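See below for the structure under consideration.
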Amino acid sequence: MTYTKYLSVIGVVALVIGVNACKPKNAGNAVTGDAASKAYVAPGKYDEFYNFLSGGFSGQMSVYGLPSGRLLRVIPVFSVDPEKGYGYSEETKPMLNTSHGFVPWDDLHHPELSQTNGEIDGRWIFGNANNTPRVARIDLTTFRTAEIIELPNSGGNHSSPFITENTEYVVAGTRFSVPPDHANGDIPINTYKQNFKGHISFISVGKEDGKMDIAFQIECPGVNFDLSHAGKAKSHGWFFFSCYNTEQANTLLEVNASQRDKDFIMAVNWKKAEEYLKAGQGKKQKVRYAHNWYSDKTHTAISEIKTEVTVLDAKTLKDICYFIPCPKSPHGCDVDPTGEYIVGSGKLAALIPVFSFDKIQKAIADKAFEGDYEGIPVIKYDAAIYGEVKKPGLGPLHTEFDGKGNAYTSMFVSSEVVKWNIKDLKVLDRAATFYSVGHLCVPGGDSRKPNAKYVIAYDKITKDRYLPTGPELSQSAQLYDISGDKMQLILDFPTIGEPHYAQAVAADVIKNRSVKFFKIDENAHPYVSKGEGTTKVVREGKTVHVYATAIRSHFAPDNIEGIKMGDEVYFHITNLEQDWDVPHGFAIKGAANAELLIMPGETTTLKWVPDRVGIFPMYCTDFCSALHQEMSGYVRVSPAGSNVPLTYSTGKNLPAADAGGTK
Amino acid sequence: MKRALFLATIWAMIASCGNDKQEENPYVMQGGSPEAQAAANENPAYDPERGEGKFTNVEVSPKLDAAMADKGQKVYEVKCNSCHKLTDEKLVGPGWKGVTTRRKPEWIMNFVTNTDKMLDKDPAAQAQLEICLVRMPNQNLSDDDARSLYEFMRKNDGIK
């Protein structure tokens with residue numbers, strides 16, 4: 001089909017559906033009477049669900065309560081966050097280290113909660129970095145980023161961080177194929193077909209500690225890997241990735257990657273890959289990537305550069321990968337709770353193809369292939385397809401499941417959520433979204449056990465939904481009650497950054513394991529001060545270490561003299577509090593840095609290089625008590641050659657410096 | 001039928017009210033000390049000598065347990081000395097000199113382990129809060145920590 005022909009088909013379909021869908025034009029006629037009571041959570045009461053949203057180009061992950069839509073927390077992941085000192089404190093800077101050095105930003109698209117036996121276990125949530133390819137693991141006892149691993153041989157980690165049903169692996173597929181890292185990359189871009197490869201990474205996850213490690217990569221033909229989901233139950237052992245740009249275009253993809261009538265879903269037999277790996281069939285390649293992890297005992301992150309990865313070649317190692325034709329640039333690749341149905345969402349198609357795992361297995365056994373694509377067998381469409389949802393709407397993107405035999409698919413172009421029955425492929429209901437819905441989320445909606453009270457739609461455009469705030473508007477989420485036959489819109493709430501995928505889970509799975517404070521006895525930070533009696537200021541050449549404590553409502557020491565121009569000062573602040581919700585902040589005038597926000601029992605370090613002679617106030621930034629305004633101190637900075645001795649004190653108001661540094 | 005439903009609703013409301021245990025808010029002061037005193041007086045179950053908490057009867061030997069006092073001193077140095085001196089000088093909180101003669105061991109140990117509840121209820125604790133204006137932090141001491149700390153206070157008060 002030519003491009004113009006294709007456009008006219010879309011046009012006609014749009015017309016038909018536009019008439020059929022009878023989409024409300026604004027909010028007024030979309031909300032019914034009891035919506036407010038369904039979304040209402042009384043002051044002081046907890047929400048029933050946590051909702052974890054990707055922050056998109058903010059690089060962070062946000063946590064909302066449902067059904068209220070209240071923002072509970074923004075977890076810094078791939079971007080620095082001056083509010084929490086993330087990426088600014090000496091302890092967290094290593095978290096953002098990469099083979100490119102310190103990278104302060106990324107684009108987080110997909111959160112994925114860890115699972116055991118296909119059910120959300122509430123231990124960790126993973127997130128992907130779409131720009132400088134990485135995967136992060138967030139510890140849900142602290143709601144903090146615990147680990148980040150970079151991916152070699154990749155360019156744009158989009159089809160990630162989806163997991164297998166026991167969190168054996170978290171995957172990462174490259175969106176932009178690139179020459180492998182070990183190869184010469186100084187080549188013409190238009191040699192894509194010869195030189196560019198698509199790598200899929202399988203990252204193993206430690207059963208107890210969650211520690212990530214790239215177990216192996218699979219080298220595949222150069223295409224764009226878009227989204228993925230693991231098989232589950234009967235299809236456990238398989239992974240499914242959607243691919244577009246099977247045209248292998250390297251310019252104007254908008255047109256050139258939309259030529260073929262069908263692209264692919266790639267089925268990966270990862271158990272088979274494990275066998276090859278065990279048999280030593282993987283090739284060790286020289287690469288460079290960062291692996292960073294944070295310890296709640298030392299309160300410090302470590303970054304390590306790793307130099308080797310094992311790669312399996314999908315072309316020569318048979319039976320790992322199979323391509324399944326899927327209409328027109330598939331985006332979402334979603335597996336139903338039984339593991340039998342794989343839903344591809346051809347974002348430029350006017351239908352939703354549903355593939356059958358059993359049929360795929362039979363097709364492979366029968367060698368029902370229509371040929372191969374760069375050495376990978378291509379299964380015949382008819383041999384893999386269970387059926388198609390006809391005319392569901394325009395621009396199908398993503399599908400979630402309710403565990404009752406129904407699927408919910410987002411329609412980007414026609415701005416709606418469409419509910420359909422998986423068995424008979426009939427559309428059951430439609431609900432308008434405002435506007436241009438991207439991802440959807442049903443609590444547990446991509447697991448074996450959905451908890452299908454709500455579907456949440458994450459919209460790309462809000463236009464007239466909220467008070468205008470200049471040219472840039474908040475993006476939004478919309479909450480629909482799906483407990484009945486019909487979807488009911490009950491709430492809009494604005495989001496940070498751009499929400500892509502999201503996960504939701506019953507609050508009970510997570511809330512009781514939340515850490516309230518860090519035990520000071522267990523603090524193993526090398527610069528901890530366990531009690532005011534151990535506070536001190538130590539000069540090592542031009543480096544000065546301040547071992548300080550914070551407790552309501554003073555720092556010790558709070559008067560420091562003898563700092564000189566040319567010094568690098570490290571404030572290691574230990575929060576001595578041992579109670580919930582009593583962080584202290586720390587800031588000092590002129591710091592080319594951020595504040596510290598120090599949790600009870602934690603030690604955190606701010607580096608400060610004074611730029612002039614004078615007196616510098618420092619203070620607590622987090623209102624901690626009735627005497628919070630008093631929680632402050634001074635640092636005196638003298639010229640480089642000065643003979644002012646190094647002294648420090650708390651509570652001594654002497655006219656002259658106290659030479660011994662006693663308190 | 002309608003009437004039955006109505007009654008059921010009412011019953012459900014009552015039932016839910018009954019079950020709705022009000023969480024005590026540690027950040028709301030329950031009133032100044034005279035009122036608190038009155039409240040305490042009106043509540044004969046509350047023993048201002050003992051305070052409120054898990055310690056009802058603490059065995060104290062006339063002789064100091066020196067090892068225990070040393071343990072208590074370690075707790076003091078990490079969790080207490082930011083605000084409490086060992087003399088009678090007030091820092092953020094009152095100095096500890098003589099505290100074991102002013103307060104029963106049960107009161108002290110309850111106060112350091114059940115801080116928020118006591119600050120809301122106990123007349124003496126509230127009177128002190130009016131002077132210091134910083135709520136004593138709950139430093140999450142274990143029962144052992146509390147007992148050792150009390151022994152250290154005794155040592156500080158001259159028990160040998």
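Going through the structure tokens in order, the chains are called A, B, and so on, while each chain numbers its residues from 1 and the ligands are numbered from 1 in the order shown.
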
Would you give me, as a Markdown table, each residue of chain A having an atom within 6 Å of an atom of chain B, along with its shortest atom pair and that distance in Å to one decimal, using only C-alpha atoms and sorting by chain and residue number?
| residue | atom | partner | partner_atom | distance |
| --- | --- | --- | --- | --- |
| A:Lys530 | CA | B:Val78 | CA | 5.1 |
| A:Gly531 | CA | B:Val78 | CA | 3.7 |
| A:Glu532 | CA | B:Ser82 | CA | 5.8 |
| A:Gln578 | CA | B:Gln139 | CA | 4.4 |
| A:Asp579 | CA | B:Asn138 | CA | 5.6 |
| A:Ala626 | CA | B:Val134 | CA | 6.0 |

Got a sec: who's within 10 Å of A:Asp581, counting only C-alpha atoms, leaving out chain neighbours fewer than 6 positions off, as number ranges by chain? A: 516-517, 599-600, 624

With a distance cut-off of 7 Å and only C-alpha atoms, select the neighbouring residues of A:Asn128, excluding the residue or stretch itself and same-chain residues fewer than 4 positions from it, and output the selection as an MDAnalysis selection string. chainID A and resid 108:110 134:136 157 160:161

DSSP on the backbone: which residues in stretch 166-307 of chain A end up as strand (DSSP E)? Give the answer as a PDB file with C-alpha atoms, in the first residue's frame.
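Generated output (part_34.pdb):
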ATOM      1  CA  TYR A 169      15.006 -11.186  34.540  1.00  0.00           C
ATOM      2  CA  VAL A 170      14.257  -7.610  33.696  1.00  0.00           C
ATOM      3  CA  VAL A 171      14.671  -6.966  29.971  1.00  0.00           C
ATOM      4  CA  ALA A 172      15.895  -4.070  27.900  1.00  0.00           C
ATOM      5  CA  GLY A 173      15.599  -3.883  24.121  1.00  0.00           C
ATOM      6  CA  LYS A 197      22.283  -4.289  15.230  1.00  0.00           C
ATOM      7  CA  GLY A 198      19.458  -4.516  17.725  1.00  0.00           C
ATOM      8  CA  HIS A 199      20.486  -5.909  21.103  1.00  0.00           C
ATOM      9  CA  ILE A 200      18.127  -7.294  23.715  1.00  0.00           C
ATOM     10  CA  SER A 201      19.497  -7.450  27.265  1.00  0.00           C
ATOM     11  CA  PHE A 202      18.432  -9.944  29.904  1.00  0.00           C
ATOM     12  CA  ILE A 203      19.342  -8.551  33.312  1.00  0.00           C
ATOM     13  CA  SER A 204      19.225 -11.068  36.137  1.00  0.00           C
ATOM     14  CA  VAL A 205      17.791  -9.915  39.467  1.00  0.00           C
ATOM     15  CA  MET A 212      21.084  -6.631  38.882  1.00  0.00           C
ATOM     16  CA  ASP A 213      23.592  -8.122  36.465  1.00  0.00           C
ATOM     17  CA  ILE A 214      23.510  -8.379  32.670  1.00  0.00           C
ATOM     18  CA  ALA A 215      23.208 -12.156  32.313  1.00  0.00           C
ATOM     19  CA  PHE A 216      23.363 -12.047  28.515  1.00  0.00           C
ATOM     20  CA  GLN A 217      22.448 -10.044  25.461  1.00  0.00           C
ATOM     21  CA  ILE A 218      20.917 -11.348  22.241  1.00  0.00           C
ATOM     22  CA  GLU A 219      22.141  -9.784  19.025  1.00  0.00           C
ATOM     23  CA  CYS A 220      19.215  -9.352  16.628  1.00  0.00           C
ATOM     24  CA  PRO A 221      18.766  -7.683  13.253  1.00  0.00           C
ATOM     25  CA  ASN A 224      13.493  -0.662  16.440  1.00  0.00           C
ATOM     26  CA  PHE A 225      12.413  -2.662  19.488  1.00  0.00           C
ATOM     27  CA  ASP A 226       9.471  -0.836  20.964  1.00  0.00           C
ATOM     28  CA  LEU A 227       7.716  -2.555  23.850  1.00  0.00           C
ATOM     29  CA  SER A 228       7.698  -5.964  25.421  1.00  0.00           C
ATOM     30  CA  HIS A 229       6.091  -8.239  27.951  1.00  0.00           C
ATOM     31  CA  ALA A 230       7.035 -11.598  29.379  1.00  0.00           C
ATOM     32  CA  TRP A 238       9.130 -16.718  26.535  1.00  0.00           C
ATOM     33  CA  PHE A 239       9.364 -12.983  26.020  1.00  0.00           C
ATOM     34  CA  PHE A 240       7.612 -10.929  23.357  1.00  0.00           C
ATOM     35  CA  PHE A 241       8.935  -7.730  21.823  1.00  0.00           C
ATOM     36  CA  SER A 242       7.203  -5.485  19.312  1.00  0.00           C
ATOM     37  CA  CYS A 243       9.415  -4.191  16.483  1.00  0.00           C
ATOM     38  CA  TYR A 244       8.933  -1.388  14.030  1.00  0.00           C
ATOM     39  CA  LYS A 262       3.346  -5.703   8.638  1.00  0.00           C
ATOM     40  CA  ASP A 263       6.227  -5.404  11.052  1.00  0.00           C
ATOM     41  CA  PHE A 264       6.922  -7.961  13.750  1.00  0.00           C
ATOM     42  CA  ILE A 265       6.374  -9.205  17.218  1.00  0.00           C
ATOM     43  CA  MET A 266       9.547 -11.048  18.144  1.00  0.00           C
ATOM     44  CA  ALA A 267       9.068 -14.116  20.341  1.00  0.00           C
ATOM     45  CA  VAL A 268      12.151 -14.942  22.413  1.00  0.00           C
ATOM     46  CA  ASN A 269      12.605 -18.356  24.013  1.00  0.00           C
ATOM     47  CA  LYS A 283      30.628 -14.501  22.850  1.00  0.00           C
ATOM     48  CA  LYS A 284      32.354 -12.324  25.385  1.00  0.00           C
ATOM     49  CA  GLN A 285      32.607  -8.770  24.099  1.00  0.00           C
ATOM     50  CA  LYS A 286      34.660  -5.849  25.334  1.00  0.00           C
ATOM     51  CA  VAL A 287      32.287  -3.060  26.320  1.00  0.00           C
ATOM     52  CA  ARG A 288      32.034  -0.364  28.977  1.00  0.00           C
ATOM     53  CA  TYR A 289      29.051   0.230  31.198  1.00  0.00           C
ATOM     54  CA  ALA A 290      28.376   1.538  34.677  1.00  0.00           C
ATOM     55  CA  HIS A 291      26.775  -0.403  37.485  1.00  0.00           C
ATOM     56  CA  ASN A 292      25.762   1.723  40.462  1.00  0.00           C
ATOM     57  CA  TRP A 293      24.164   0.676  43.715  1.00  0.00           C
ATOM     58  CA  TYR A 294      23.269   2.344  46.979  1.00  0.00           C
ATOM     59  CA  SER A 295      23.639   0.872  50.454  1.00  0.00           C
ATOM     60  CA  THR A 300      26.464   5.672  50.087  1.00  0.00           C
ATOM     61  CA  ALA A 301      26.396   4.648  46.430  1.00  0.00           C
ATOM     62  CA  ILE A 302      29.207   2.886  44.640  1.00  0.00           C
ATOM     63  CA  SER A 303      29.734   3.056  40.891  1.00  0.00           C
ATOM     64  CA  GLU A 304      31.684   0.395  39.083  1.00  0.00           C
ATOM     65  CA  ILE A 305      32.613   0.374  35.389  1.00  0.00           C
ATOM     66  CA  LYS A 306      32.234  -3.102  33.935  1.00  0.00           C
ATOM     67  CA  THR A 307      34.027  -4.138  30.765  1.00  0.00           C
TER      68      THR A 307
END

List the spatial neighbours of stretch 335-343 of chain A as a compact mmCIF listing (two decimals) with N, CA and C atoms, in the first residue's frame - criterion: any atom at most 6 Å away, only C-alpha atoms, same-chain residues fewer than 6 positions off excluded.
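Output file out.txt follows:
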# COMPACT_ATOMS: atom_id res chain seq x y z
N GLY A 231 6.08 -13.70 28.75
CA GLY A 231 5.05 -14.71 28.83
C GLY A 231 4.78 -14.99 30.30
N LYS A 232 3.63 -15.58 30.59
CA LYS A 232 3.34 -15.92 31.97
C LYS A 232 2.57 -17.24 32.00
N ALA A 233 2.56 -17.86 33.17
CA ALA A 233 1.90 -19.17 33.31
C ALA A 233 2.40 -20.09 32.18
N LYS A 234 1.52 -20.51 31.26
CA LYS A 234 1.92 -21.47 30.23
C LYS A 234 3.03 -20.94 29.31
N SER A 235 3.09 -19.62 29.15
CA SER A 235 4.11 -19.06 28.25
C SER A 235 5.33 -18.53 29.02
N VAL A 354 -4.62 -10.39 17.84
CA VAL A 354 -4.41 -11.16 19.07
C VAL A 354 -3.79 -12.50 18.66
N PHE A 355 -2.59 -12.76 19.16
CA PHE A 355 -1.89 -13.98 18.81
C PHE A 355 -2.09 -15.03 19.90
N SER A 356 -1.99 -16.30 19.47
CA SER A 356 -2.19 -17.40 20.40
C SER A 356 -0.85 -18.07 20.69
N PHE A 357 -0.54 -18.21 21.97
CA PHE A 357 0.73 -18.86 22.34
C PHE A 357 0.74 -20.31 21.86
N SER A 447 -0.10 -8.49 35.13
CA SER A 447 0.35 -9.65 35.91
C SER A 447 -0.64 -10.80 35.74
N ARG A 448 -0.41 -11.87 36.46
CA ARG A 448 -1.36 -12.99 36.39
C ARG A 448 -2.62 -12.72 37.22

Which of stretch 44-97 of chain B DSSP labels alpha helix (DSSP H), written as a list in words: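 The alpha helix (DSSP H) residues within stretch 44-97 of chain B come out as Ala66, Ala67, Met68, Ala69, Asp70, Lys71, Gly72, Gln73, Lys74, Val75, Tyr76, Glu77, Val78 and Lys79 of chain B.
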
May I have the residues from that selection written out with N, CA and C atoms, as a PDB file, in the first residue's frame?
ATOM      1  N   ALA B  66      27.355  -1.110  87.587  1.00  0.00           N
ATOM      2  CA  ALA B  66      28.286  -0.260  86.830  1.00  0.00           C
ATOM      3  C   ALA B  66      28.315  -0.617  85.352  1.00  0.00           C
ATOM      4  N   ALA B  67      28.248  -1.924  85.054  1.00  0.00           N
ATOM      5  CA  ALA B  67      28.285  -2.348  83.641  1.00  0.00           C
ATOM      6  C   ALA B  67      27.075  -1.802  82.901  1.00  0.00           C
ATOM      7  N   MET B  68      25.932  -1.886  83.590  1.00  0.00           N
ATOM      8  CA  MET B  68      24.705  -1.388  82.978  1.00  0.00           C
ATOM      9  C   MET B  68      24.782   0.123  82.775  1.00  0.00           C
ATOM     10  N   ALA B  69      25.338   0.810  83.735  1.00  0.00           N
ATOM     11  CA  ALA B  69      25.473   2.265  83.630  1.00  0.00           C
ATOM     12  C   ALA B  69      26.376   2.637  82.457  1.00  0.00           C
ATOM     13  N   ASP B  70      27.414   1.848  82.240  1.00  0.00           N
ATOM     14  CA  ASP B  70      28.302   2.116  81.099  1.00  0.00           C
ATOM     15  C   ASP B  70      27.561   1.960  79.775  1.00  0.00           C
ATOM     16  N   LYS B  71      26.732   0.930  79.729  1.00  0.00           N
ATOM     17  CA  LYS B  71      25.912   0.726  78.532  1.00  0.00           C
ATOM     18  C   LYS B  71      25.003   1.938  78.310  1.00  0.00           C
ATOM     19  N   GLY B  72      24.436   2.391  79.429  1.00  0.00           N
ATOM     20  CA  GLY B  72      23.538   3.555  79.376  1.00  0.00           C
ATOM     21  C   GLY B  72      24.258   4.805  78.897  1.00  0.00           C
ATOM     22  N   GLN B  73      25.525   4.912  79.317  1.00  0.00           N
ATOM     23  CA  GLN B  73      26.290   6.089  78.910  1.00  0.00           C
ATOM     24  C   GLN B  73      26.468   6.110  77.380  1.00  0.00           C
ATOM     25  N   LYS B  74      26.659   4.928  76.784  1.00  0.00           N
ATOM     26  CA  LYS B  74      26.824   4.851  75.321  1.00  0.00           C
ATOM     27  C   LYS B  74      25.541   5.319  74.618  1.00  0.00           C
ATOM     28  N   VAL B  75      24.407   4.897  75.172  1.00  0.00           N
ATOM     29  CA  VAL B  75      23.128   5.337  74.604  1.00  0.00           C
ATOM     30  C   VAL B  75      23.023   6.859  74.733  1.00  0.00           C
ATOM     31  N   TYR B  76      23.388   7.362  75.911  1.00  0.00           N
ATOM     32  CA  TYR B  76      23.332   8.804  76.159  1.00  0.00           C
ATOM     33  C   TYR B  76      24.158   9.568  75.130  1.00  0.00           C
ATOM     34  N   GLU B  77      25.351   9.067  74.842  1.00  0.00           N
ATOM     35  CA  GLU B  77      26.256   9.795  73.959  1.00  0.00           C
ATOM     36  C   GLU B  77      25.752   9.857  72.517  1.00  0.00           C
ATOM     37  N   VAL B  78      25.037   8.817  72.106  1.00  0.00           N
ATOM     38  CA  VAL B  78      24.527   8.831  70.728  1.00  0.00           C
ATOM     39  C   VAL B  78      23.189   9.557  70.635  1.00  0.00           C
ATOM     40  N   LYS B  79      22.313   9.297  71.600  1.00  0.00           N
ATOM     41  CA  LYS B  79      20.928   9.699  71.391  1.00  0.00           C
ATOM     42  C   LYS B  79      20.435  10.840  72.285  1.00  0.00           C
TER      43      LYS B  79
END

Do a neighbour search on A:Ile490 at 10 Å with only C-alpha atoms, toss out local chain neighbours closer than 3 positions, and write the hits as a PyMOL selection string. chain A and resi 30-40+67-68+454+478-481+487

Close residues, stretch 425-431 of chain A itself excluded, 9 Å, only C-alpha atoms, min 4 positions apart in chain, as a list in words: Ala21, Lys23, Ala30, Val354, Gly387, Glu388, Val389, Lys390, Lys391, Pro392, Asn406, Ser415, Glu416, Val417, Val418, Lys419, Trp420, Asn421, Tyr480, Asp485, Lys486, Met487, Gln488 and Leu489 of chain A

Using C-alpha atoms, can you export the residues from the last selection as a PDB file, in the first residue's frame?
ATOM      1  CA  ALA A  21     -17.910   6.533  18.785  1.00  0.00           C
ATOM      2  CA  LYS A  23     -17.333  11.035  21.584  1.00  0.00           C
ATOM      3  CA  ALA A  30     -18.643  12.612  30.537  1.00  0.00           C
ATOM      4  CA  VAL A 354      -4.415 -11.164  19.067  1.00  0.00           C
ATOM      5  CA  GLY A 387      -8.118 -13.362  15.786  1.00  0.00           C
ATOM      6  CA  GLU A 388      -8.432  -9.645  15.220  1.00  0.00           C
ATOM      7  CA  VAL A 389     -10.532  -7.066  17.021  1.00  0.00           C
ATOM      8  CA  LYS A 390     -12.114  -5.303  14.066  1.00  0.00           C
ATOM      9  CA  LYS A 391     -12.481  -1.535  14.020  1.00  0.00           C
ATOM     10  CA  PRO A 392     -11.758  -0.997  17.680  1.00  0.00           C
ATOM     11  CA  ASN A 406     -11.601  -8.549  29.169  1.00  0.00           C
ATOM     12  CA  SER A 415      -8.802   9.437  22.244  1.00  0.00           C
ATOM     13  CA  GLU A 416     -10.632   6.613  23.918  1.00  0.00           C
ATOM     14  CA  VAL A 417     -10.325   3.489  26.014  1.00  0.00           C
ATOM     15  CA  VAL A 418     -11.932   0.464  24.412  1.00  0.00           C
ATOM     16  CA  LYS A 419     -13.001  -2.534  26.429  1.00  0.00           C
ATOM     17  CA  TRP A 420     -13.217  -5.788  24.525  1.00  0.00           C
ATOM     18  CA  ASN A 421     -13.661  -9.456  25.243  1.00  0.00           C
ATOM     19  CA  TYR A 480     -12.208   5.155  35.416  1.00  0.00           C
ATOM     20  CA  ASP A 485     -20.008  -3.366  32.843  1.00  0.00           C
ATOM     21  CA  LYS A 486     -19.493   0.210  31.743  1.00  0.00           C
ATOM     22  CA  MET A 487     -16.400   2.279  32.389  1.00  0.00           C
ATOM     23  CA  GLN A 488     -17.103   5.380  34.421  1.00  0.00           C
ATOM     24  CA  LEU A 489     -14.806   8.411  34.473  1.00  0.00           C
TER      25      LEU A 489
END

Show me, as a list in words, the residues that have an atom within 6 Å of B:Leu86 when counting only C-alpha atoms, minus same-chain residues fewer than 5 positions from it. Gly95, Trp96 and Lys97 of chain B

Any chance you could tabulate, as a tab-separated table, the residues of stretch 37-105 of chain A at most 12 Å from stretch 587-591 of chain A with each one's nearest atom pair and distance in Å to one decimal, using only C-alpha atoms, in chain and rising number order?
residue	atom	partner	partner_atom	distance
A:Pro82	CA	A:Ala587	CA	11.1
A:Glu83	CA	A:Ala587	CA	11.1
A:Lys84	CA	A:Ala587	CA	11.7
A:Gly85	CA	A:Ala587	CA	10.3
A:Tyr88	CA	A:Ala591	CA	10.8
A:Ser89	CA	A:Ala587	CA	11.5

Two-atom distance - atom CA of A:Pro188, atom CA of A:Thr310 (Å):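 So the two atoms, atom CA of A:Pro188 and atom CA of A:Thr310, lie 26.9 Å apart.
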
Quick check, in Å to one decimal: how far apart do atom CA of A:Lys359 and atom CA of A:Ile385 lie?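 Separation between atom CA of A:Lys359 and atom CA of A:Ile385: 7.4 Å.
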